>>> print(open('coords.cif').read())   # mmCIF, C-alpha atoms
data_upload
#
loop_
_atom_site.label_atom_id
_atom_site.label_comp_id
_atom_site.auth_asym_id
_atom_site.auth_seq_id
_atom_site.Cartn_x
_atom_site.Cartn_y
_atom_site.Cartn_z
CA MET P 8 -154.05 22.30 71.13
CA SER P 9 -150.72 23.88 70.26
CA VAL P 10 -147.85 21.74 68.98
CA SER P 11 -144.11 22.26 69.35
CA VAL P 12 -141.62 20.34 67.26
CA ALA P 13 -138.38 19.34 69.01
CA LEU P 14 -135.88 18.90 66.19
CA CYS P 15 -132.33 17.82 67.02
CA THR P 16 -129.52 18.35 64.53
CA TYR P 17 -125.91 17.33 64.12
CA ASN P 18 -124.18 17.96 60.80
CA GLY P 19 -127.47 17.43 58.99
CA ALA P 20 -127.01 19.86 56.11
CA ARG P 21 -127.56 17.08 53.57
CA PHE P 22 -131.23 16.53 54.47
CA ILE P 23 -132.38 19.26 56.86
CA ARG P 24 -134.13 21.43 54.28
CA GLU P 25 -136.54 18.67 53.20
CA GLN P 26 -137.42 17.83 56.78
CA VAL P 27 -137.99 21.42 57.92
CA LEU P 28 -140.11 22.11 54.84
CA SER P 29 -142.23 19.01 55.46
CA ILE P 30 -142.89 20.29 59.01
CA CYS P 31 -143.78 23.79 57.85
CA GLN P 32 -146.15 22.45 55.19
CA GLN P 33 -148.25 20.31 57.53
CA THR P 34 -152.00 20.58 57.03
CA ARG P 35 -152.11 21.36 60.75
CA PRO P 36 -148.84 23.28 61.20
CA PRO P 37 -147.10 23.44 64.58
CA ALA P 38 -146.90 26.63 66.60
CA GLU P 39 -143.11 26.45 66.76
CA ILE P 40 -140.02 24.51 65.80
CA VAL P 41 -137.31 24.24 68.45
CA ILE P 42 -133.95 23.20 67.04
CA SER P 43 -131.27 21.95 69.40
CA ASP P 44 -128.00 21.67 67.49
CA ASP P 45 -125.24 19.50 68.86
CA ALA P 46 -122.15 21.50 67.82
CA SER P 47 -122.59 21.07 64.05
CA SER P 48 -119.88 22.28 61.70
CA ASP P 49 -121.65 21.97 58.34
CA GLY P 50 -124.04 24.94 58.39
CA CYS P 51 -127.21 22.87 58.86
CA VAL P 52 -128.65 25.38 61.35
CA GLU P 53 -128.35 28.20 58.83
CA ILE P 54 -130.05 26.04 56.19
CA ALA P 55 -132.91 25.43 58.62
CA ARG P 56 -133.22 29.16 59.32
CA GLN P 57 -133.23 29.99 55.61
CA THR P 58 -135.88 27.33 54.96
CA VAL P 59 -138.21 28.70 57.63
CA ASP P 60 -137.61 32.30 56.50
CA ALA P 61 -138.41 31.40 52.89
CA PHE P 62 -141.57 29.59 53.97
CA ASN P 63 -142.71 32.54 56.08
CA ASN P 64 -142.05 34.98 53.22
CA GLU P 65 -144.16 32.93 50.84
CA ARG P 66 -146.95 32.30 53.32
CA SER P 67 -149.95 34.57 53.76
CA GLY P 68 -151.04 35.07 57.33
CA GLY P 69 -149.05 34.00 60.39
CA SER P 70 -145.46 32.85 60.37
CA MET P 71 -143.73 29.72 61.62
CA ALA P 72 -141.86 30.46 64.86
CA LEU P 73 -138.33 29.10 65.08
CA ARG P 74 -136.10 28.89 68.13
CA VAL P 75 -132.52 27.64 67.89
CA LEU P 76 -130.30 26.35 70.70
CA GLU P 77 -126.68 25.78 69.70
CA ASN P 78 -124.34 23.66 71.78
CA THR P 79 -120.63 24.42 71.75
CA THR P 80 -119.94 21.01 73.34
CA PRO P 81 -121.95 18.03 72.07
CA LEU P 82 -124.59 16.68 74.46
CA ARG P 83 -125.19 13.48 72.46
CA VAL P 84 -128.60 12.24 71.37
CA THR P 85 -130.51 11.75 74.62
CA LYS P 86 -129.42 14.93 76.37
CA ASN P 87 -129.74 16.98 73.19
CA PHE P 88 -133.39 15.92 72.89
CA GLU P 89 -133.85 16.69 76.58
CA GLN P 90 -132.63 20.21 75.94
CA ALA P 91 -134.99 20.55 72.97
CA VAL P 92 -138.13 19.38 74.76
CA ARG P 93 -137.39 21.55 77.80
CA ALA P 94 -137.53 24.58 75.50
CA CYS P 95 -140.87 23.62 73.92
CA SER P 96 -144.01 25.51 74.97
CA GLY P 97 -146.79 23.65 73.12
CA ASP P 98 -149.46 21.47 74.68
CA LEU P 99 -148.09 18.64 72.56
CA ILE P 100 -144.49 17.95 71.57
CA ALA P 101 -143.52 16.15 68.37
CA LEU P 102 -140.04 14.68 68.22
CA SER P 103 -138.20 15.04 64.94
CA ASP P 104 -134.97 13.76 63.46
CA GLN P 105 -133.09 15.92 60.98
CA ASP P 106 -133.17 13.57 58.01
CA ASP P 107 -136.76 12.32 57.64
CA VAL P 108 -139.80 13.66 55.78
CA TRP P 109 -143.28 13.91 57.30
CA VAL P 110 -146.39 13.08 55.31
CA PRO P 111 -148.48 16.27 54.97
CA ASP P 112 -151.25 15.32 57.41
CA ARG P 113 -149.10 13.66 60.06
CA LEU P 114 -149.78 16.24 62.77
CA GLU P 115 -153.43 16.66 61.84
CA ARG P 116 -154.09 12.95 62.24
CA MET P 117 -152.09 12.56 65.45
CA VAL P 118 -153.40 15.70 67.16
CA ALA P 119 -156.95 14.54 66.43
CA GLU P 120 -156.27 11.44 68.54
CA PHE P 121 -155.23 13.58 71.52
CA GLU P 122 -158.27 15.82 71.13
CA ARG P 123 -160.52 12.77 71.00
CA ARG P 124 -158.85 10.90 73.87
CA PRO P 125 -158.09 12.95 76.99
CA ASP P 126 -156.36 9.97 78.63
CA LEU P 127 -153.84 9.58 75.80
CA LEU P 128 -150.35 10.60 76.94
CA LEU P 129 -148.08 9.46 74.10
CA LEU P 130 -148.73 8.32 70.54
CA HIS P 131 -146.34 6.92 67.95
CA SER P 132 -146.73 5.40 64.52
CA ASP P 133 -145.29 3.20 61.84
CA ALA P 134 -143.03 4.68 59.15
CA ARG P 135 -142.02 3.95 55.58
CA LEU P 136 -138.32 3.14 55.21
CA VAL P 137 -136.59 4.99 52.38
CA ASP P 138 -132.98 5.39 51.30
CA ALA P 139 -130.94 8.58 51.13
CA GLN P 140 -132.71 9.59 47.89
CA ARG P 141 -136.15 8.78 49.41
CA ARG P 142 -136.53 5.63 47.34
CA ASP P 143 -138.85 3.09 48.92
CA LEU P 144 -136.94 0.23 50.56
CA GLY P 145 -140.00 -2.02 50.56
CA GLN P 146 -140.17 -2.17 54.36
CA THR P 147 -141.96 -0.38 57.13
CA LEU P 148 -140.49 0.45 60.51
CA PHE P 149 -142.73 -2.06 62.28
CA HIS P 150 -141.69 -4.74 59.79
CA ALA P 151 -138.03 -3.99 60.48
CA LEU P 152 -138.68 -4.22 64.21
CA GLU P 153 -140.56 -7.51 63.69
CA VAL P 154 -143.57 -6.18 65.56
CA LYS P 155 -146.09 -8.93 66.19
CA ARG P 156 -149.85 -8.58 65.93
CA ILE P 157 -150.22 -9.58 69.57
CA GLU P 158 -147.93 -6.68 70.55
CA LEU P 159 -150.05 -4.24 68.55
CA GLU P 160 -153.23 -5.58 70.13
CA ARG P 161 -151.80 -5.26 73.62
CA VAL P 162 -150.78 -1.65 73.00
CA HIS P 163 -154.21 -0.84 71.56
CA GLY P 164 -155.78 -2.56 74.57
CA GLY P 165 -154.02 -0.37 77.12
CA ARG P 166 -151.17 -2.76 77.96
CA ALA P 167 -148.31 -0.78 76.43
CA PHE P 168 -146.25 -1.05 79.63
CA ASP P 169 -146.21 -4.85 79.36
CA VAL P 170 -145.01 -4.61 75.77
CA LEU P 171 -142.39 -1.93 76.37
CA LEU P 172 -141.03 -3.73 79.42
CA ARG P 173 -140.10 -6.57 77.04
CA ARG P 174 -138.60 -4.33 74.36
CA ASN P 175 -138.91 -0.83 72.98
CA LEU P 176 -141.24 -0.16 70.04
CA VAL P 177 -141.35 3.65 70.35
CA THR P 178 -139.28 5.43 67.70
CA GLY P 179 -138.85 9.10 68.54
CA ALA P 180 -139.11 10.29 64.95
CA THR P 181 -142.73 9.05 64.91
CA THR P 182 -143.72 10.26 68.39
CA LEU P 183 -146.08 12.94 69.74
CA PHE P 184 -146.75 13.38 73.47
CA ARG P 185 -148.37 15.73 75.96
CA ARG P 186 -145.90 18.21 77.42
CA ARG P 187 -147.09 17.42 80.94
CA LEU P 188 -145.34 14.04 80.60
CA LEU P 189 -142.06 15.91 81.11
CA GLY P 190 -142.96 16.47 84.75
CA GLU P 191 -142.40 12.76 85.36
CA ALA P 192 -139.88 11.94 82.63
CA LEU P 193 -137.27 14.67 83.19
CA PRO P 194 -134.37 14.40 83.50
CA PHE P 195 -133.71 11.70 80.91
CA PRO P 196 -131.12 9.15 82.09
CA ALA P 197 -128.13 9.17 79.74
CA GLU P 198 -128.20 5.36 79.74
CA TRP P 199 -131.60 5.34 78.02
CA LEU P 200 -132.49 6.63 74.57
CA HIS P 201 -134.92 9.53 74.89
CA ASP P 202 -137.73 7.83 72.97
CA GLU P 203 -137.70 4.53 74.85
CA TRP P 204 -137.58 6.44 78.16
CA LEU P 205 -140.53 8.66 77.26
CA GLY P 206 -142.46 5.61 76.07
CA ILE P 207 -141.92 3.49 79.18
CA ILE P 208 -142.59 6.35 81.63
CA ALA P 209 -145.73 7.38 79.74
CA SER P 210 -147.00 3.80 79.74
CA ALA P 211 -146.34 3.50 83.49
CA ILE P 212 -148.46 6.52 84.40
CA GLY P 213 -150.95 6.87 81.52
CA ARG P 214 -152.15 5.67 78.15
CA VAL P 215 -149.77 4.99 75.25
CA ASP P 216 -151.03 3.96 71.84
CA LEU P 217 -149.81 3.73 68.28
CA LEU P 218 -151.08 4.29 64.77
CA GLU P 219 -150.34 1.52 62.31
CA ASP P 220 -150.18 4.05 59.47
CA GLN P 221 -146.84 5.15 58.00
CA LEU P 222 -146.79 8.85 58.85
CA ILE P 223 -143.16 9.65 58.06
CA GLU P 224 -140.53 8.64 55.56
CA TYR P 225 -137.82 7.25 57.81
CA ARG P 226 -134.62 7.78 55.89
CA GLN P 227 -131.90 5.13 56.14
CA HIS P 228 -128.42 6.21 55.14
CA ASP P 229 -124.74 5.81 56.02
CA THR P 230 -124.72 8.43 58.79
CA ASN P 231 -127.85 7.47 60.76
CA GLN P 232 -127.27 7.81 64.50
CA VAL P 233 -130.15 5.42 65.11
CA GLY P 234 -131.60 3.55 62.15
CA ALA P 235 -133.88 0.59 61.47
CA SER P 236 -133.28 -2.57 59.52
CA ARG P 237 -134.60 -6.10 59.83
CA ASP P 238 -131.91 -8.62 60.68
CA ALA P 239 -131.38 -11.38 58.17
CA PHE P 240 -131.14 -14.94 59.50
CA VAL P 241 -127.34 -14.88 59.33
CA ASP P 242 -127.31 -11.69 61.43
CA LYS P 243 -129.49 -13.31 64.07
CA VAL P 244 -127.14 -16.30 64.21
CA ARG P 245 -124.13 -14.01 64.50
CA LYS P 246 -125.72 -12.21 67.43
CA ALA P 247 -126.71 -15.47 69.10
CA ILE P 248 -123.15 -16.80 69.13
CA GLY P 249 -121.38 -13.48 69.57
CA SER P 250 -119.75 -12.19 72.72
CA ARG P 251 -122.02 -11.33 75.65
CA GLY P 252 -119.82 -8.38 76.53
CA ASP P 253 -121.52 -6.09 79.05
CA ILE P 254 -124.88 -5.78 77.30
CA HIS P 255 -126.80 -7.58 80.05
CA VAL P 256 -125.06 -5.59 82.78
CA LYS P 257 -126.13 -2.39 81.00
CA ARG P 258 -129.70 -3.63 80.63
CA ALA P 259 -129.84 -4.49 84.32
CA TYR P 260 -128.65 -1.00 85.21
CA LYS P 261 -131.29 0.54 82.94
CA ALA P 262 -133.92 -1.52 84.77
CA GLU P 263 -132.54 -0.23 88.09
CA LEU P 264 -132.88 3.36 86.87
CA LEU P 265 -136.44 2.72 85.72
CA LEU P 266 -137.47 1.19 89.04
CA ALA P 267 -135.89 4.08 90.94
CA ARG P 268 -137.80 6.65 88.86
CA LEU P 269 -141.12 4.83 89.21
CA LEU P 270 -140.66 4.64 92.98
CA GLU P 271 -140.03 8.39 93.03
CA LEU P 272 -143.39 8.92 91.31
CA LYS P 273 -145.16 7.20 94.22
CA GLU P 274 -148.96 7.16 93.88
CA LYS P 275 -148.78 8.01 90.16
CA VAL P 276 -147.60 4.44 89.52
CA SER P 277 -149.64 1.39 90.47
CA ALA P 278 -148.30 -1.31 92.78
CA GLU P 279 -148.75 -3.81 89.94
CA THR P 280 -146.50 -1.75 87.65
CA ILE P 281 -143.85 -1.49 90.37
CA GLU P 282 -143.93 -5.25 90.90
CA LYS P 283 -143.57 -5.94 87.18
CA THR P 284 -140.55 -3.63 87.07
CA ARG P 285 -138.97 -5.42 90.05
CA LEU P 286 -139.41 -8.74 88.27
CA LYS P 287 -137.91 -7.27 85.10
CA LEU P 288 -134.89 -6.15 87.12
CA GLN P 289 -134.53 -9.62 88.64
CA HIS P 290 -134.60 -11.14 85.15
CA GLN P 291 -131.94 -8.75 83.84
CA ARG P 292 -129.71 -9.36 86.86
CA TYR P 293 -130.03 -13.10 86.34
CA ARG P 294 -129.00 -12.76 82.69
CA ALA P 295 -126.05 -10.53 83.61
CA ALA P 296 -124.84 -13.12 86.16
CA LEU P 297 -124.93 -16.20 83.91
CA PRO P 298 -121.64 -18.13 84.11
CA ALA P 299 -119.11 -18.11 81.29
CA SER P 300 -119.41 -21.85 80.72
CA ARG P 301 -122.34 -22.79 78.51
CA MET P 302 -122.84 -26.07 80.34
CA ALA P 303 -122.88 -24.27 83.68
CA ARG P 304 -125.70 -22.07 82.37
CA CYS P 305 -128.09 -25.00 81.89
CA VAL P 306 -129.46 -25.31 85.44
CA PRO P 307 -129.97 -21.58 86.14
CA MET P 308 -131.48 -21.15 82.67
CA LEU P 309 -133.91 -24.01 83.27
CA ARG P 310 -135.00 -22.40 86.53
CA GLU P 311 -135.52 -19.05 84.82
CA ILE P 312 -137.44 -20.64 81.94
CA MET P 313 -139.81 -22.19 84.47
CA THR P 314 -140.65 -18.75 85.89
CA GLY P 315 -141.90 -17.55 82.51
CA ARG P 316 -139.79 -14.40 82.71
CA TYR P 317 -138.12 -14.97 79.34
CA ASP P 318 -141.54 -14.48 77.76
CA ARG P 319 -142.74 -11.69 80.07
CA PHE P 320 -139.59 -9.60 80.03
CA GLY P 321 -137.65 -10.61 76.94
CA ARG P 322 -137.91 -12.10 73.48
CA GLY P 323 -138.92 -15.55 74.68
CA PHE P 324 -137.27 -18.45 72.84
CA ARG P 325 -134.91 -16.06 71.04
CA GLY P 326 -133.56 -14.85 74.38
CA ILE P 327 -133.13 -18.40 75.63
CA VAL P 328 -131.11 -19.36 72.55
CA ARG P 329 -128.92 -16.27 72.85
CA ASP P 330 -128.26 -16.82 76.56
CA PHE P 331 -127.12 -20.39 75.92
CA PHE P 332 -124.98 -19.83 72.83
CA GLU P 333 -123.47 -16.38 73.49
CA ALA P 334 -119.72 -16.46 74.00
CA PRO P 335 -118.32 -15.09 77.29
#
>>> encode(input="coords.cif", output="structure tokens")
Amino acid sequence: MSVSVALCTYNGARFIREQVLSICQQTRPPAEIVISDDASSDGCVEIARQTVDAFNNERSGGSMALRVLENTTPLRVTKNFEQAVRACSGDLIALSDQDDVWVPDRLERMVAEFERRPDLLLLHSDARLVDAQRRDLGQTLFHALEVKRIELERVHGGRAFDVLLRRNLVTGATTLFRRRLLGEALPFPAEWLHDEWLGIIASAIGRVDLLEDQLIEYRQHDTNQVGASRDAFVDKVRKAIGSRGDIHVKRAYKAELLLARLLELKEKVSAETIEKTRLKLQHQRYRAALPASRMARCVPMLREIMTGRYDRFGRGFRGIVRDFFEAP
């Protein structure tokens, strides 16, 4: 099986060489790297080219293919990744950020899962969190996301859609998927991050799984576009009493977009999956419509609690607390 790497860049000169080199030096190297650059001004694309050229010059045998797409107007994260994956030709596509480092056998171990499991559509993994200098932060990605054992067991057991309908666990930097998934997932809605969209669509039509091993160094630094950190208790309290803003309206709209896409896919999606998505949308619309007064929220919240949808489609008790205490 051939592998393409979809690597998106934006002013990533500081770290791009290490990442590109870690991709080139995989024990099972990819067939190509496709870079989609979002109007960088720091020369990171040239650094990537030089890194691949140097690797090819030192390597005996075949060379690493590199294709570069350069945007004059920024597309932003989701659409930039869409452009990158559209240009990939491999049987499998690995998503890559510009600032991480892959462990040497990352692709070998993940590709083996796809070769062993024909039904597997998308696979992601845990990661080790490091700082800008690659010093261990003493956390893993799954720890930062507060992933529960029951969530892992459900994903392993073929119930990834149920898990991802509650919240996203798929981090693009750790993800490998079959290119044929793009037939159902494209185009990516701008309202969704590319990785959570690929994960939920893949889980709706096929098998999604994860590896609990840390297969990349996930670098955390001051210019991360999307990072990972575990909230301290004070941060959770701050969020619980903070302003609701339009976050629930946005989540409801994302659920609408998901339902619309799944309905377009017709027989590829089971009636049970469609019904779960409808219920998710109902839950998000309910949360978006909660009154400004905390006391006025009590009765509708009690009704929603009785349906069990806070547990099925949200963070359970945490969501209940937030919905009651959040400021208008």
>>> resolve_selection(input="coords.cif", expression="the PyMOL selection byres ((chain P and resi 178) around 12)", output="ChimeraX atom specification")
/P:101-104,129-134,148-149,151-152,171,174-177,179-183,200-207,217,223,225,233-235
>>> residues_around(input="coords.cif", residues="Asn18 (chain P)", least_positions_apart="2", cutoff="8 Å", atoms="all atoms listed in the file", output="ChimeraX atom specification")
/P:16,20,47-51
>>> closest_residue(input="coords.cif", among="P:Gly97, P:Pro335, P:Pro36, P:Gly252", to="Arg116 (chain P)", atoms="only C-alpha atoms")
P:Pro36
>>> resolve_selection(input="coords.cif", expression="the PyMOL selection byres ((chain P and resi 256-258) around 10)", output="PyMOL selection string")
chain P and resi 198-199+251-255+259-264+288+291-296
>>> atom_distance(input="coords.cif", atom1="CA of Gln221 (chain P)", atom2="CA of Arg135 (chain P)")
5.5 Å
>>> resolve_selection(input="coords.cif", expression="the PyMOL selection byres ((chain P and resi 93) around 10)", output="list in words")
Ala13, Val41, Phe88, Glu89, Gln90, Ala91, Val92, Ala94, Cys95, Ser96, Arg186, Leu189, Leu193 and Pro194 of chain P
>>> write_last_selection(input="coords.cif", atoms="C-alpha atoms", output="PDB file, in the coordinates of the input")
ATOM      1  CA  ALA P  13    -138.380  19.340  69.010  1.00  0.00           C
ATOM      2  CA  VAL P  41    -137.310  24.240  68.450  1.00  0.00           C
ATOM      3  CA  PHE P  88    -133.390  15.920  72.890  1.00  0.00           C
ATOM      4  CA  GLU P  89    -133.850  16.690  76.580  1.00  0.00           C
ATOM      5  CA  GLN P  90    -132.630  20.210  75.940  1.00  0.00           C
ATOM      6  CA  ALA P  91    -134.990  20.550  72.970  1.00  0.00           C
ATOM      7  CA  VAL P  92    -138.130  19.380  74.760  1.00  0.00           C
ATOM      8  CA  ALA P  94    -137.530  24.580  75.500  1.00  0.00           C
ATOM      9  CA  CYS P  95    -140.870  23.620  73.920  1.00  0.00           C
ATOM     10  CA  SER P  96    -144.010  25.510  74.970  1.00  0.00           C
ATOM     11  CA  ARG P 186    -145.900  18.210  77.420  1.00  0.00           C
ATOM     12  CA  LEU P 189    -142.060  15.910  81.110  1.00  0.00           C
ATOM     13  CA  LEU P 193    -137.270  14.670  83.190  1.00  0.00           C
ATOM     14  CA  PRO P 194    -134.370  14.400  83.500  1.00  0.00           C
TER      15      PRO P 194
END
>>> atom_distance(input="coords.cif", atom1="CA of Ile30 (chain P)", atom2="CA of Phe184 (chain P)")
16.5 Å
>>> axis_aligned_box(input="coords.cif", around="region 277-293 of chain P", padding_each_side="3 Å", output="JSON")
{"center_x": -139.7, "center_y": -5.9, "center_z": 88.3, "size_x": 25.9, "size_y": 20.5, "size_z": 14.9}
>>> build_atoms(input="coords.cif", residues="region 292-302 of chain P", atoms="all heavy atoms", output="PDB file, in the frame of the given file")
ATOM      1  N   ARG P 292    -130.845  -9.019  86.001  1.00  0.00           N
ATOM      2  CA  ARG P 292    -129.710  -9.360  86.860  1.00  0.00           C
ATOM      3  C   ARG P 292    -129.326 -10.821  86.709  1.00  0.00           C
ATOM      4  O   ARG P 292    -128.131 -11.158  86.705  1.00  0.00           O
ATOM      5  CB  ARG P 292    -130.063  -9.046  88.318  1.00  0.00           C
ATOM      6  CG  ARG P 292    -130.024  -7.557  88.649  1.00  0.00           C
ATOM      7  CD  ARG P 292    -130.486  -7.307  90.069  1.00  0.00           C
ATOM      8  NE  ARG P 292    -130.271  -5.907  90.458  1.00  0.00           N
ATOM      9  CZ  ARG P 292    -130.775  -5.353  91.551  1.00  0.00           C
ATOM     10  NH1 ARG P 292    -131.529  -6.085  92.385  1.00  0.00           N
ATOM     11  NH2 ARG P 292    -130.542  -4.089  91.840  1.00  0.00           N
ATOM     12  N   TYR P 293    -130.314 -11.677  86.581  1.00  0.00           N
ATOM     13  CA  TYR P 293    -130.030 -13.100  86.340  1.00  0.00           C
ATOM     14  C   TYR P 293    -129.247 -13.282  85.048  1.00  0.00           C
ATOM     15  O   TYR P 293    -128.241 -14.000  85.014  1.00  0.00           O
ATOM     16  CB  TYR P 293    -131.342 -13.894  86.305  1.00  0.00           C
ATOM     17  CG  TYR P 293    -131.356 -14.994  85.281  1.00  0.00           C
ATOM     18  CD1 TYR P 293    -130.703 -16.202  85.512  1.00  0.00           C
ATOM     19  CD2 TYR P 293    -131.976 -14.799  84.047  1.00  0.00           C
ATOM     20  CE1 TYR P 293    -130.680 -17.191  84.534  1.00  0.00           C
ATOM     21  CE2 TYR P 293    -131.947 -15.775  83.082  1.00  0.00           C
ATOM     22  CZ  TYR P 293    -131.298 -16.972  83.328  1.00  0.00           C
ATOM     23  OH  TYR P 293    -131.262 -17.940  82.356  1.00  0.00           O
ATOM     24  N   ARG P 294    -129.679 -12.613  83.971  1.00  0.00           N
ATOM     25  CA  ARG P 294    -129.000 -12.760  82.690  1.00  0.00           C
ATOM     26  C   ARG P 294    -127.569 -12.215  82.749  1.00  0.00           C
ATOM     27  O   ARG P 294    -126.651 -12.779  82.158  1.00  0.00           O
ATOM     28  CB  ARG P 294    -129.790 -12.057  81.579  1.00  0.00           C
ATOM     29  CG  ARG P 294    -131.159 -12.651  81.346  1.00  0.00           C
ATOM     30  CD  ARG P 294    -131.865 -12.036  80.145  1.00  0.00           C
ATOM     31  NE  ARG P 294    -131.308 -12.532  78.899  1.00  0.00           N
ATOM     32  CZ  ARG P 294    -131.735 -12.151  77.693  1.00  0.00           C
ATOM     33  NH1 ARG P 294    -132.721 -11.256  77.593  1.00  0.00           N
ATOM     34  NH2 ARG P 294    -131.198 -12.636  76.596  1.00  0.00           N
ATOM     35  N   ALA P 295    -127.391 -11.118  83.489  1.00  0.00           N
ATOM     36  CA  ALA P 295    -126.050 -10.530  83.610  1.00  0.00           C
ATOM     37  C   ALA P 295    -125.112 -11.440  84.390  1.00  0.00           C
ATOM     38  O   ALA P 295    -123.893 -11.390  84.185  1.00  0.00           O
ATOM     39  CB  ALA P 295    -126.148  -9.177  84.299  1.00  0.00           C
ATOM     40  N   ALA P 296    -125.667 -12.290  85.283  1.00  0.00           N
ATOM     41  CA  ALA P 296    -124.840 -13.120  86.160  1.00  0.00           C
ATOM     42  C   ALA P 296    -124.631 -14.534  85.635  1.00  0.00           C
ATOM     43  O   ALA P 296    -124.005 -15.352  86.323  1.00  0.00           O
ATOM     44  CB  ALA P 296    -125.472 -13.169  87.550  1.00  0.00           C
ATOM     45  N   LEU P 297    -125.116 -14.861  84.452  1.00  0.00           N
ATOM     46  CA  LEU P 297    -124.930 -16.200  83.910  1.00  0.00           C
ATOM     47  C   LEU P 297    -123.441 -16.536  83.806  1.00  0.00           C
ATOM     48  O   LEU P 297    -122.637 -15.693  83.412  1.00  0.00           O
ATOM     49  CB  LEU P 297    -125.593 -16.335  82.547  1.00  0.00           C
ATOM     50  CG  LEU P 297    -127.109 -16.545  82.554  1.00  0.00           C
ATOM     51  CD1 LEU P 297    -127.670 -16.465  81.134  1.00  0.00           C
ATOM     52  CD2 LEU P 297    -127.471 -17.895  83.183  1.00  0.00           C
ATOM     53  N   PRO P 298    -123.059 -17.764  84.137  1.00  0.00           N
ATOM     54  CA  PRO P 298    -121.640 -18.130  84.110  1.00  0.00           C
ATOM     55  C   PRO P 298    -121.083 -18.162  82.692  1.00  0.00           C
ATOM     56  O   PRO P 298    -121.832 -18.241  81.706  1.00  0.00           O
ATOM     57  CB  PRO P 298    -121.617 -19.519  84.739  1.00  0.00           C
ATOM     58  CG  PRO P 298    -123.006 -20.039  84.590  1.00  0.00           C
ATOM     59  CD  PRO P 298    -123.910 -18.848  84.639  1.00  0.00           C
ATOM     60  N   ALA P 299    -119.772 -18.115  82.598  1.00  0.00           N
ATOM     61  CA  ALA P 299    -119.110 -18.110  81.290  1.00  0.00           C
ATOM     62  C   ALA P 299    -119.298 -19.438  80.574  1.00  0.00           C
ATOM     63  O   ALA P 299    -119.465 -19.486  79.355  1.00  0.00           O
ATOM     64  CB  ALA P 299    -117.628 -17.802  81.466  1.00  0.00           C
ATOM     65  N   SER P 300    -119.268 -20.525  81.315  1.00  0.00           N
ATOM     66  CA  SER P 300    -119.410 -21.850  80.720  1.00  0.00           C
ATOM     67  C   SER P 300    -120.840 -22.093  80.263  1.00  0.00           C
ATOM     68  O   SER P 300    -121.789 -21.920  81.042  1.00  0.00           O
ATOM     69  CB  SER P 300    -119.010 -22.928  81.732  1.00  0.00           C
ATOM     70  OG  SER P 300    -119.426 -24.203  81.302  1.00  0.00           O
ATOM     71  N   ARG P 301    -120.996 -22.519  79.013  1.00  0.00           N
ATOM     72  CA  ARG P 301    -122.340 -22.790  78.510  1.00  0.00           C
ATOM     73  C   ARG P 301    -123.002 -23.928  79.277  1.00  0.00           C
ATOM     74  O   ARG P 301    -124.192 -23.877  79.560  1.00  0.00           O
ATOM     75  CB  ARG P 301    -122.288 -23.110  77.009  1.00  0.00           C
ATOM     76  CG  ARG P 301    -121.906 -21.913  76.133  1.00  0.00           C
ATOM     77  CD  ARG P 301    -122.076 -22.235  74.657  1.00  0.00           C
ATOM     78  NE  ARG P 301    -121.814 -21.086  73.821  1.00  0.00           N
ATOM     79  CZ  ARG P 301    -120.656 -20.848  73.223  1.00  0.00           C
ATOM     80  NH1 ARG P 301    -119.643 -21.685  73.397  1.00  0.00           N
ATOM     81  NH2 ARG P 301    -120.502 -19.779  72.469  1.00  0.00           N
ATOM     82  N   MET P 302    -122.251 -24.948  79.608  1.00  0.00           N
ATOM     83  CA  MET P 302    -122.840 -26.070  80.340  1.00  0.00           C
ATOM     84  C   MET P 302    -123.291 -25.636  81.735  1.00  0.00           C
ATOM     85  O   MET P 302    -124.328 -26.088  82.226  1.00  0.00           O
ATOM     86  CB  MET P 302    -121.831 -27.218  80.434  1.00  0.00           C
ATOM     87  CG  MET P 302    -121.542 -27.888  79.096  1.00  0.00           C
ATOM     88  SD  MET P 302    -123.050 -28.419  78.220  1.00  0.00           S
ATOM     89  CE  MET P 302    -123.713 -29.612  79.386  1.00  0.00           C
TER      90      MET P 302
END
